[in-house]
Amino acid sequence: MAVVHTDLPPIPVYTHCLALICALIVTALMLFLPASPEAITRPLDPAQYRAPRLLPLPLQREPRELSEPTIRHPDESPWQSVTVNPGDSLSVIFARLGLRADDLYRLLSDSEEFSALSHLLPGQAVKVRADARGRLLELIHEYDQIRGIRLLREGNSFSLSRYTRDTEKRVGFAVGAIDSSFYRTASTVGLPDPLIIRMAEIFGWDIDFALDIRAGDSFVVLYEENFIDADKIGDGEIIAAEFVNRGEVHRAVRYQRPDGVAEYLTPDGRPMRRRFLRAPVDFRRISSHFQPERLHPVLGVKRPHRGVDYAAPVGTPVQASGDGSVVSVGWKGGYGNTVVLRHGSRFTTLYGHLSRFRQGLAPGDRVRQGDIIGYVGQTGLATGPHLHYEFRIDGVHQDPVKVDLPGPEPLAPGLLADFREQTDQWVQRLDQHRRLALAEPRLSESD
Ligand SMILES: [Zn+2]
């Protein structure tokens, strides 16, 4: 039995489809190009964008059959496809498809490699083509949407090859005007969950997504979508995004440096990443706001409340807002279970009312921004579960939402030309979407 390893396109019958696919693409372009502004996107120059090539096709879903090897010679039987169920073996699948047991025996005995490679997992697809007498002509075992193996009958044995399908990247976008929460609006306009969280990470240094979001805020996101043929198989990175918060425009573009490291920068080349996160808890929570004076709910006396309260369920992870070291871990009067961190010589942060600490956390430990240091609780003088967060500069309380935090280092001048070349087109795209949103402000709302 011949065993061939190849990265060539998986299924030669695709070549028969080329003319058809080309015709369909032309038809699709003619049909859908005028349908939406997004369809007039230009082909992307790979030199300008190091990620795999992006195609300008509109996001029109073709029938699933297009990606299947459906075109065949007249004397061949049709492809049959099964999804592997828990407990399925190849013999179960052969029986289900009415294939001959001697072919199964031949497959398994001819090739140890096939047995090893073709370990069936639930959810995977097995596709076969047989002749009228139930003799196996071809079998494809799809490991996932990209990789698999193919067996082709050659006389009385089978040749085996591995394949990897080409994926294409296209540009998806979402535009939203926030009326309630960012999360709800982004979901409503179809932004997938991982990208919603990514948005909050990208802008999380400038915007406190737990407290700052207001009705009237808006966003535009351009992101990669991964396709095989006409089928979307997942989302890639956010390419560029804009978030307008309380009238202030924040923008970020993804830049891949020549060394391959990618980061988000403002269009003028300043990193989005800062020394401190705006909010040390997940943004999908609610809270009251910073108040210099208020009646303390437990003591019943008016006293300054110098911090930010994030009402969140007990057990919600609390993150270090910046790199630093642990000053103290333990009970601290009305604060209850409290962690205090030091960040360089001037800054400290405090996290109070915790239900518990990260296991093993001790004074002197180094922490990185985003590390979980404890969990929300209501220990000490707290009327309900919340995180009490304080930010101090030279020992003086500051409102972390308002304080002017240390600015980031801009991009090295030597990289600026490369940065512009890679990102200018995406900034222009953001401009286009902004103009469209202004022209029709209710464009993205669900009602
Ligand atoms: Zn508080």
# chains A, B, ... in the order shown; residues from 1 in each chain; ligands from 1

$ residues_near_ligand --ligand "ligand 1" --cutoff "6 Å" --atoms "only C-alpha atoms and all ligand atoms" --output "PyMOL selection string"
chain A and resi 307-309+388

$ select_by_dssp --residues "segment 99-332 of chain A" --states "helix (DSSP H, G or I)" --output "ChimeraX atom specification"
/A:101-110,112-117,182-188,193-202

$ write_last_selection --atoms "C-alpha atoms" --output "short mmCIF file (atom, residue, chain, number, x, y, z; two decimals), in the first residue's frame"
data_model
loop_
_atom_site.label_atom_id
_atom_site.label_comp_id
_atom_site.auth_asym_id
_atom_site.auth_seq_id
_atom_site.Cartn_x
_atom_site.Cartn_y
_atom_site.Cartn_z
CA ALA A 101 -16.16 -5.68 5.06
CA ASP A 102 -13.28 -6.97 2.94
CA ASP A 103 -12.35 -3.36 2.06
CA LEU A 104 -12.36 -2.48 5.72
CA TYR A 105 -10.14 -5.45 6.46
CA ARG A 106 -7.83 -4.44 3.62
CA LEU A 107 -7.60 -0.88 4.90
CA LEU A 108 -6.84 -1.84 8.46
CA SER A 109 -4.45 -4.67 7.69
CA ASP A 110 -2.64 -2.94 4.84
CA GLU A 112 -0.70 0.53 10.35
CA GLU A 113 -0.35 4.18 9.58
CA PHE A 114 -3.96 4.42 8.55
CA SER A 115 -5.07 2.81 11.81
CA ALA A 116 -2.94 5.25 13.75
CA LEU A 117 -4.00 8.30 11.78
CA PHE A 182 -21.96 47.39 25.59
CA TYR A 183 -22.24 43.63 25.85
CA ARG A 184 -25.92 43.54 24.91
CA THR A 185 -25.52 45.95 22.02
CA ALA A 186 -22.47 44.17 20.64
CA SER A 187 -24.30 40.84 20.85
CA THR A 188 -27.35 42.30 19.14
CA ASP A 193 -18.52 36.83 22.30
CA PRO A 194 -14.73 36.37 22.10
CA LEU A 195 -14.48 39.56 20.07
CA ILE A 196 -16.65 41.50 22.53
CA ILE A 197 -14.25 40.51 25.30
CA ARG A 198 -11.31 41.37 23.07
CA MET A 199 -12.76 44.84 22.49
CA ALA A 200 -12.95 45.40 26.24
CA GLU A 201 -9.34 44.25 26.55
CA ILE A 202 -8.10 46.51 23.77
#

$ closest_residue --among "A:Gly87, A:Gly269, A:Gly216, A:Gly333" --to "Leu120 of chain A" --atoms "only C-alpha atoms"
A:Gly87

$ closest_residue --among "A:Ala320, A:Ile238, A:Ile178, A:Val126" --to "Gly374 of chain A" --atoms "only C-alpha atoms"
A:Ala320

$ closest_residue --among "A:Arg153, A:Arg358, A:Arg251, A:His386" --to "Tyr335 of chain A" --atoms "only C-alpha atoms"
A:His386

$ residues_around --residues "Thr167 of chain A" --least-positions-apart "3" --cutoff "7 Å" --atoms "only C-alpha atoms" --output "list in words"
Asn226, Phe227 and Ile228 of chain A

$ write_last_selection --atoms "N, CA and C atoms" --output "tab-separated table (two decimals), in the first residue's frame"
chain	number	residue	atom	x	y	z
A	226	ASN	N	-12.40	33.74	9.26
A	226	ASN	CA	-11.70	32.67	8.56
A	226	ASN	C	-12.69	31.82	7.78
A	227	PHE	N	-12.37	31.64	6.51
A	227	PHE	CA	-13.25	30.86	5.63
A	227	PHE	C	-12.50	29.71	4.98
A	228	ILE	N	-13.22	28.62	4.75
A	228	ILE	CA	-12.78	27.61	3.80
A	228	ILE	C	-13.86	27.55	2.74

$ residues_around --residues "Pro122 of chain A" --least-positions-apart "4" --cutoff "9 Å" --atoms "only C-alpha atoms" --output "list in words"
Thr83, Val84, Asn85, Pro86, Gly87 and Asp88 of chain A

$ write_last_selection --atoms "C-alpha atoms" --output "CSV table (one decimal), in the first residue's frame"
chain,number,residue,atom,x,y,z
A,83,THR,CA,-20.7,12.3,11.4
A,84,VAL,CA,-18.8,10.2,13.9
A,85,ASN,CA,-20.9,9.5,17.0
A,86,PRO,CA,-19.5,8.5,20.4
A,87,GLY,CA,-18.5,4.9,20.3
A,88,ASP,CA,-18.4,4.7,16.5

$ closest_residue --among "A:Val427, A:Leu436, A:Leu211, A:Ala362" --to "Arg254 of chain A" --atoms "only C-alpha atoms"
A:Val427

$ atom_distance --atom1 "atom CA of Gly334 of chain A" --atom2 "atom CA of Val281 of chain A"
20.7 Å

$ closest_residue --among "A:Leu415, A:Leu97, A:Leu90, A:Ala241" --to "Pro258 of chain A" --atoms "only C-alpha atoms"
A:Leu415

$ select_by_dssp --residues "segment 206-383 of chain A" --states "strand (DSSP E)" --output "PyMOL selection string"
chain A and resi 218-228+231-245+248-256+262-265+291-295+302-305+308-311+317-319+324-331+337-343+347-354+356-357+366-367+372-375

$ atom_distance --atom1 "atom CA of Phe391 of chain A" --atom2 "atom CA of Arg274 of chain A"
14.9 Å

$ atom_distance --atom1 "atom CA of Glu142 of chain A" --atom2 "atom CA of Glu154 of chain A"
20.7 Å

$ closest_residue --among "A:Pro317, A:Gly360, A:His353, A:Arg434" --to "Thr383 of chain A" --atoms "only C-alpha atoms"
A:His353

$ residues_around --residues "Asp206 of chain A" --least-positions-apart "5" --cutoff "9 Å" --atoms "only C-alpha atoms" --output "CSV table (one decimal) with C-alpha atoms, in the first residue's frame"
chain,number,residue,atom,x,y,z
A,250,HIS,CA,-10.8,56.1,21.1
A,272,MET,CA,-3.1,51.0,23.8
A,273,ARG,CA,-1.5,49.1,26.6
A,274,ARG,CA,-0.9,51.2,29.7
A,277,LEU,CA,-6.1,48.8,33.7
A,278,ARG,CA,-9.1,51.0,34.3
A,401,VAL,CA,-11.2,56.9,36.3

$ residues_around --residues "Ala252 of chain A" --least-positions-apart "5" --cutoff "8 Å" --atoms "only C-alpha atoms" --output "ChimeraX atom specification"
/A:202-203,240-242,264-267,272

$ residues_around --residues "Ala279 of chain A" --least-positions-apart "3" --cutoff "9 Å" --atoms "only C-alpha atoms" --output "list in words"
Gly204, Trp205, Ile207, Asp208, Phe209, Ala210, Leu211, Phe276, Asp282, Phe283, Tyr310, Gln319, Ser321, Tyr389, Pro400 and Val401 of chain A
